[in-house]
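Structure below is input.cif: mmCIF, C-alpha atoms.
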data_model
loop_
_atom_site.label_atom_id
_atom_site.label_comp_id
_atom_site.auth_asym_id
_atom_site.auth_seq_id
_atom_site.Cartn_x
_atom_site.Cartn_y
_atom_site.Cartn_z
CA MET J 293 163.66 10.79 36.21
CA THR J 294 164.64 14.27 37.41
CA THR J 295 163.99 15.63 40.88
CA THR J 296 161.50 18.12 39.45
CA MET J 297 159.65 15.32 37.65
CA ASN J 298 159.56 13.29 40.88
CA GLU J 299 158.13 16.28 42.71
CA HIS J 300 155.49 16.79 40.05
CA ILE J 301 154.44 13.14 40.18
CA THR J 302 154.25 13.28 43.98
CA GLN J 303 152.07 16.40 43.75
CA ILE J 304 149.86 14.75 41.10
CA LYS J 305 149.37 11.74 43.37
CA GLN J 306 148.49 14.00 46.28
CA CYS J 307 145.95 15.90 44.17
CA ALA J 308 144.51 12.61 42.87
CA THR J 309 144.08 11.44 46.46
CA ARG J 310 142.31 14.65 47.48
CA LEU J 311 140.06 14.46 44.40
CA ARG J 312 139.43 10.74 44.96
CA LEU J 313 140.96 9.64 41.68
CA PRO J 314 142.79 6.46 42.79
CA GLY J 315 143.13 5.08 39.26
CA ILE J 316 145.12 8.07 38.04
CA GLY J 317 147.04 8.40 41.29
CA GLY J 318 148.13 4.78 41.31
CA SER J 319 149.18 4.60 37.66
CA ILE J 320 150.33 8.11 36.81
CA THR J 321 153.98 7.09 36.31
CA ASP J 322 153.04 4.46 33.72
CA LEU J 323 150.57 6.80 32.03
CA ILE J 324 153.21 9.51 31.70
CA ALA J 325 155.78 7.02 30.38
CA LYS J 326 153.30 5.83 27.74
CA ALA J 327 152.51 9.41 26.74
CA GLU J 328 156.21 10.23 26.36
CA GLY J 329 156.48 7.44 23.81
CA GLU J 330 153.26 8.24 21.92
CA HIS J 331 153.36 12.07 22.04
CA PRO J 332 149.61 12.70 22.33
CA SER J 333 148.11 16.18 22.24
CA TYR J 334 147.12 17.82 25.53
CA GLU J 335 143.48 17.03 24.80
CA GLU J 336 144.27 13.38 24.05
CA PHE J 337 146.33 12.98 27.22
CA ILE J 338 143.63 14.50 29.43
CA HIS J 339 141.08 12.24 27.78
CA THR J 340 143.35 9.22 28.39
CA LEU J 341 143.65 10.10 32.09
CA LEU J 342 139.91 10.49 32.58
CA ARG J 343 139.05 7.41 30.55
CA PHE J 344 141.56 5.40 32.62
CA GLU J 345 139.95 6.58 35.86
CA VAL J 346 136.46 5.73 34.61
CA SER J 347 137.64 2.28 33.53
CA ARG J 348 139.23 1.56 36.92
CA ARG J 349 136.10 2.70 38.74
CA GLU J 350 133.90 0.48 36.58
CA GLU J 351 136.20 -2.49 37.27
CA LYS J 352 136.05 -1.77 41.01
CA GLN J 353 132.27 -1.48 40.96
CA LEU J 354 132.02 -4.78 39.09
CA GLU J 355 134.24 -6.44 41.69
CA LEU J 356 132.06 -5.09 44.50
CA ARG J 357 128.83 -6.21 42.79
CA ILE J 358 130.24 -9.70 42.23
CA LYS J 359 131.35 -9.92 45.86
CA ALA J 360 127.95 -8.79 47.14
CA ALA J 361 126.18 -11.25 44.83
CA GLN J 362 127.92 -14.22 46.52
CA LEU J 363 127.98 -16.28 43.34
CA PRO J 364 129.18 -19.89 43.38
CA LEU J 365 132.80 -20.23 42.28
CA VAL J 366 131.79 -21.85 38.99
CA HIS J 367 129.45 -19.64 36.96
CA ASP J 368 130.92 -19.26 33.47
CA LEU J 369 128.17 -20.16 31.01
CA GLU J 370 130.75 -20.59 28.26
CA ALA J 371 131.70 -23.84 30.03
CA TYR J 372 128.15 -25.23 30.21
CA ASP J 373 128.07 -28.83 28.99
CA PHE J 374 124.86 -29.47 27.03
CA ALA J 375 125.75 -33.16 26.69
CA PHE J 376 124.69 -33.89 30.26
CA THR J 377 121.21 -32.39 30.25
CA THR J 378 118.18 -31.82 28.09
CA GLY J 379 115.65 -29.03 28.45
CA ILE J 380 117.64 -26.06 27.21
CA SER J 381 119.42 -25.59 23.90
CA PRO J 382 122.48 -23.42 23.12
CA THR J 383 120.19 -21.02 21.25
CA GLN J 384 117.82 -20.71 24.21
CA LEU J 385 120.68 -20.18 26.66
CA ASN J 386 122.14 -17.47 24.44
CA GLN J 387 118.74 -15.77 24.32
CA LEU J 388 118.61 -15.80 28.12
CA ARG J 389 122.10 -14.30 28.25
CA GLU J 390 120.86 -11.31 26.24
CA LEU J 391 118.77 -10.41 29.35
CA ASN J 392 115.70 -9.17 27.47
CA TRP J 393 113.60 -11.08 30.01
CA LEU J 394 115.22 -9.10 32.81
CA GLU J 395 114.42 -5.82 31.08
CA GLN J 396 110.77 -6.91 31.07
CA CYS J 397 110.86 -8.12 34.69
CA TYR J 398 110.24 -11.76 33.79
CA ASN J 399 111.15 -14.67 36.08
CA ILE J 400 112.89 -17.95 35.30
CA MET J 401 112.16 -21.21 37.09
CA LEU J 402 114.68 -24.01 36.62
CA THR J 403 113.40 -27.40 37.72
CA GLY J 404 114.84 -30.90 37.58
CA PRO J 405 116.84 -33.51 39.47
CA SER J 406 120.01 -32.68 41.38
CA GLY J 407 123.11 -32.21 39.24
CA THR J 408 121.39 -31.18 36.01
CA GLY J 409 122.82 -27.66 35.95
CA LYS J 410 120.08 -25.58 37.56
CA THR J 411 122.38 -23.72 39.95
CA PHE J 412 125.09 -23.35 37.31
CA ILE J 413 122.72 -21.71 34.82
CA ALA J 414 121.16 -19.49 37.50
CA ALA J 415 124.55 -18.28 38.74
CA GLY J 416 125.76 -17.72 35.17
CA LEU J 417 122.75 -15.59 34.30
CA ALA J 418 123.21 -13.59 37.50
CA TYR J 419 126.83 -12.99 36.50
CA GLU J 420 125.73 -11.79 33.05
CA ALA J 421 123.30 -9.38 34.74
CA ILE J 422 126.00 -8.04 37.06
CA LYS J 423 128.36 -7.44 34.13
CA HIS J 424 125.63 -5.36 32.49
CA GLY J 425 125.24 -3.18 35.57
CA TYR J 426 122.23 -4.80 37.24
CA LYS J 427 121.98 -5.30 40.99
CA ALA J 428 121.81 -9.07 41.28
CA TYR J 429 122.20 -11.43 44.22
CA PHE J 430 122.51 -15.19 44.61
CA ARG J 431 121.08 -16.65 47.81
CA GLY J 432 120.02 -20.07 48.99
CA MET J 433 116.48 -20.54 50.26
CA ASN J 434 117.78 -21.02 53.81
CA GLU J 435 119.72 -17.74 53.60
CA ILE J 436 116.60 -15.87 52.48
CA LEU J 437 114.56 -17.33 55.34
CA GLU J 438 117.29 -16.52 57.87
CA THR J 439 117.32 -12.90 56.69
CA LEU J 440 113.54 -12.66 56.95
CA ARG J 441 113.57 -14.10 60.47
CA LEU J 442 116.21 -11.69 61.76
CA LYS J 443 115.61 -8.48 59.81
CA ASP J 444 113.78 -6.80 62.73
CA VAL J 445 116.37 -7.72 65.37
CA SER J 446 119.71 -7.74 63.53
CA GLN J 447 121.31 -4.77 61.80
CA SER J 448 123.17 -6.97 59.32
CA ALA J 449 119.98 -8.85 58.44
CA ALA J 450 118.11 -5.54 58.08
CA LEU J 451 120.78 -4.27 55.67
CA GLU J 452 120.64 -7.53 53.71
CA HIS J 453 116.86 -7.30 53.50
CA LYS J 454 117.07 -3.71 52.28
CA ARG J 455 119.68 -4.74 49.70
CA LEU J 456 117.51 -7.57 48.39
CA CYS J 457 114.40 -5.40 48.22
CA ALA J 458 116.28 -2.86 46.10
CA SER J 459 117.70 -5.46 43.72
CA GLN J 460 116.75 -6.05 40.10
CA LEU J 461 117.44 -9.78 40.13
CA ILE J 462 117.50 -12.37 42.91
CA VAL J 463 118.49 -15.97 42.41
CA ILE J 464 116.89 -18.17 45.07
CA ASP J 465 118.56 -21.56 45.02
CA ASP J 466 116.94 -24.83 46.18
CA VAL J 467 113.44 -23.48 46.78
CA MET J 468 111.09 -25.88 48.60
CA VAL J 469 113.72 -28.62 48.75
CA LEU J 470 113.07 -28.87 52.50
CA ALA J 471 109.77 -28.51 54.30
CA ILE J 472 109.01 -24.98 55.51
CA ASN J 473 107.03 -24.18 58.63
CA LYS J 474 104.00 -21.89 58.46
CA GLU J 475 105.74 -18.81 59.90
CA ASP J 476 108.63 -19.03 57.45
CA GLY J 477 106.20 -19.68 54.62
CA ASN J 478 104.25 -16.55 55.48
CA ARG J 479 107.45 -14.49 55.72
CA PHE J 480 108.57 -15.75 52.33
CA PHE J 481 105.21 -14.88 50.77
CA VAL J 482 105.29 -11.35 52.21
CA PHE J 483 108.81 -10.88 50.81
CA ILE J 484 107.88 -12.10 47.32
CA ASN J 485 104.64 -10.13 47.33
CA GLN J 486 106.52 -6.97 48.29
CA ILE J 487 108.92 -6.94 45.35
CA TYR J 488 107.72 -9.28 42.60
CA GLU J 489 106.45 -6.42 40.41
CA SER J 490 109.84 -4.69 40.35
CA THR J 491 112.33 -7.54 40.79
CA SER J 492 113.02 -10.57 38.62
CA PHE J 493 113.65 -13.96 40.20
CA ILE J 494 115.52 -17.03 39.08
CA ILE J 495 114.20 -19.97 41.06
CA THR J 496 115.96 -23.34 41.17
CA THR J 497 114.10 -26.29 42.62
CA ASN J 498 113.86 -30.05 42.35
CA LYS J 499 110.17 -29.84 43.22
CA SER J 500 107.46 -29.32 40.64
CA PRO J 501 105.09 -26.41 41.31
CA ALA J 502 102.44 -28.98 42.27
CA GLU J 503 104.72 -30.24 45.09
CA TRP J 504 105.18 -26.81 46.69
CA ALA J 505 101.97 -27.23 48.69
CA LYS J 506 103.48 -30.31 50.37
CA SER J 507 106.68 -28.44 51.28
CA LEU J 508 104.64 -25.57 52.73
CA ASP J 509 101.88 -27.78 54.12
CA ASP J 510 99.55 -25.04 52.89
CA GLU J 511 97.91 -25.28 49.48
CA VAL J 512 96.46 -21.76 49.62
CA LEU J 513 99.86 -20.20 50.40
CA ALA J 514 101.60 -22.26 47.73
CA THR J 515 99.01 -21.18 45.16
CA ALA J 516 99.44 -17.52 46.12
CA LEU J 517 103.25 -17.77 45.82
CA LEU J 518 103.13 -19.52 42.47
CA ASP J 519 100.54 -17.03 41.21
CA ARG J 520 103.07 -14.23 41.66
CA LEU J 521 106.17 -16.09 40.49
CA LEU J 522 104.63 -17.78 37.45
CA TYR J 523 102.59 -14.82 36.16
CA LYS J 524 105.53 -13.66 34.01
CA CYS J 525 107.84 -16.65 34.00
CA GLN J 526 109.79 -18.99 31.74
CA LEU J 527 109.66 -22.52 33.16
CA ILE J 528 112.69 -24.61 32.17
CA PRO J 529 112.53 -28.29 33.16
CA LEU J 530 115.97 -29.92 32.99
CA GLN J 531 116.54 -33.65 32.73
CA GLY J 532 119.63 -35.83 32.66
CA LYS J 533 122.25 -37.57 34.72
CA SER J 534 123.95 -35.75 37.56
CA TYR J 535 127.05 -33.93 36.30
CA ARG J 536 128.62 -34.14 39.75
CA MET J 537 128.12 -37.89 40.01
CA GLN J 538 129.48 -38.41 36.50
CA ASN J 539 132.56 -36.31 37.36
CA ARG J 540 132.95 -37.14 41.04
CA LYS J 541 136.43 -36.89 42.57
CA ASN J 542 138.20 -39.70 44.38
CA ILE J 543 140.49 -39.45 47.39
CA PHE J 544 142.58 -42.43 46.33
CA GLN J 545 144.54 -42.60 43.11
CA GLN J 546 143.51 -45.15 40.53
CA THR J 547 145.47 -48.38 40.93
CA ASP J 548 145.56 -51.55 38.91
CA LYS J 549 143.46 -54.40 40.27
#
Before we go any further, please render this structure as structure tokens.
Amino acid sequence: MTTTMNEHITQIKQCATRLRLPGIGGSITDLIAKAEGEHPSYEEFIHTLLRFEVSRREEKQLELRIKAAQLPLVHDLEAYDFAFTTGISPTQLNQLRELNWLEQCYNIMLTGPSGTGKTFIAAGLAYEAIKHGYKAYFRGMNEILETLRLKDVSQSAALEHKRLCASQLIVIDDVMVLAINKEDGNRFFVFINQIYESTSFIITTNKSPAEWAKSLDDEVLATALLDRLLYKCQLIPLQGKSYRMQNRKNIFQQTDK
């Protein structure tokens, strides 16, 4: 590469930095080398540069949305094992992955014993939503309650609350698994009531809707919550043996008796 070419590439990188085009700036040498072999027209080369920058920005935005969502490590619905649970078929899962329900602001409630795939399905659907450009977040019930308790006294909690309120999909994992005191129950109701008309929820719980009143120790509040969550909702009861227990890991290696 000649000195003049080196100077031009350095100047291109500097311009890309000033114009905030990191994709082009970081890969300009490879892009030029590819163009030298393919001999595109000026229009084609400019289009290639801009398309490359757009692609890199979309990849970066996807990475940021996935990071903010805080998904569990395992969330690939292609790996879902239907042999361990009943309650949802491959056809039904594929329909959910099309996200038509999200377009219509419907909710999904996944119920059933521990280990039947509720969290896996919820996280996988959130991942599908993120890939399609939706603002989606995965939070445990305890995390939601902690945010609601601290949002008026903590800047980070206030930002988290603002983020959740502006989302299009929130997965709330393990709802009503533990008893909730009256103050937290009221905070949770206010939160749901504030956004349920504009935000879809995926709820995972091992409690039936009828058992929510016991967890809240307030039948009126439980009824009001369920009224909002179940108004436009697909209830999916899952049954089966625990996948984790069937595939549990051992510390010790297997040895002959």
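You will find atom CA of Ile528 of chain J at 17.8 Å from atom CA of Gln396 of chain J.
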List, as a tab-separated table (two decimals) with C-alpha atoms, in the frame of the given file, every residue that the PyMOL selection byres ((chain J and resi 516-525) around 10) selects in the file provided.
chain	number	residue	atom	x	y	z
J	393	TRP	CA	113.60	-11.08	30.01
J	396	GLN	CA	110.77	-6.91	31.07
J	397	CYS	CA	110.86	-8.12	34.69
J	398	TYR	CA	110.24	-11.76	33.79
J	399	ASN	CA	111.15	-14.67	36.08
J	400	ILE	CA	112.89	-17.95	35.30
J	401	MET	CA	112.16	-21.21	37.09
J	477	GLY	CA	106.20	-19.68	54.62
J	478	ASN	CA	104.25	-16.55	55.48
J	480	PHE	CA	108.57	-15.75	52.33
J	481	PHE	CA	105.21	-14.88	50.77
J	482	VAL	CA	105.29	-11.35	52.21
J	484	ILE	CA	107.88	-12.10	47.32
J	485	ASN	CA	104.64	-10.13	47.33
J	488	TYR	CA	107.72	-9.28	42.60
J	489	GLU	CA	106.45	-6.42	40.41
J	492	SER	CA	113.02	-10.57	38.62
J	493	PHE	CA	113.65	-13.96	40.20
J	494	ILE	CA	115.52	-17.03	39.08
J	495	ILE	CA	114.20	-19.97	41.06
J	501	PRO	CA	105.09	-26.41	41.31
J	502	ALA	CA	102.44	-28.98	42.27
J	504	TRP	CA	105.18	-26.81	46.69
J	505	ALA	CA	101.97	-27.23	48.69
J	511	GLU	CA	97.91	-25.28	49.48
J	512	VAL	CA	96.46	-21.76	49.62
J	513	LEU	CA	99.86	-20.20	50.40
J	514	ALA	CA	101.60	-22.26	47.73
J	515	THR	CA	99.01	-21.18	45.16
J	526	GLN	CA	109.79	-18.99	31.74
J	527	LEU	CA	109.66	-22.52	33.16
J	528	ILE	CA	112.69	-24.61	32.17
Go ahead and compute the interatomic distance for atom CA of Leu356 of chain J and atom CA of Lys427 of chain J, in Å to one decimal.
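Separation of atom CA of Leu356 of chain J and atom CA of Lys427 of chain J: 10.7 Å.
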Which residue of J:Ser446, J:Ser507, J:Thr383, J:Asn498 approaches Ser406 of chain J most closely, using all atoms listed in the file
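Looking only at the distances to Ser406 of chain J, the closest residue turns out to be J:Asn498.
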Selected residue, from J:Ala371, J:Ile316, J:Val463, J:Leu451, that lies nearest to Phe344 of chain J when counting only C-alpha atoms
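Closest to Phe344 of chain J of all the choices is J:Ile316.
Under the PyMOL selection byres ((chain J and resi 469-475) around 8), the matching residues in the shown file are Asp466, Val467, Met468, Asp476, Gly477, Asn478, Arg479, Thr497, Asn498, Lys499, Lys506, Ser507, Leu508, Asp509 and Asp510 of chain J.
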Atomic separation - atom CA of Gly329 of chain J relative to atom CA of Thr296 of chain J, Å:
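Computing the Euclidean distance for atom CA of Thr296 of chain J and atom CA of Gly329 of chain J yields 19.6 Å.
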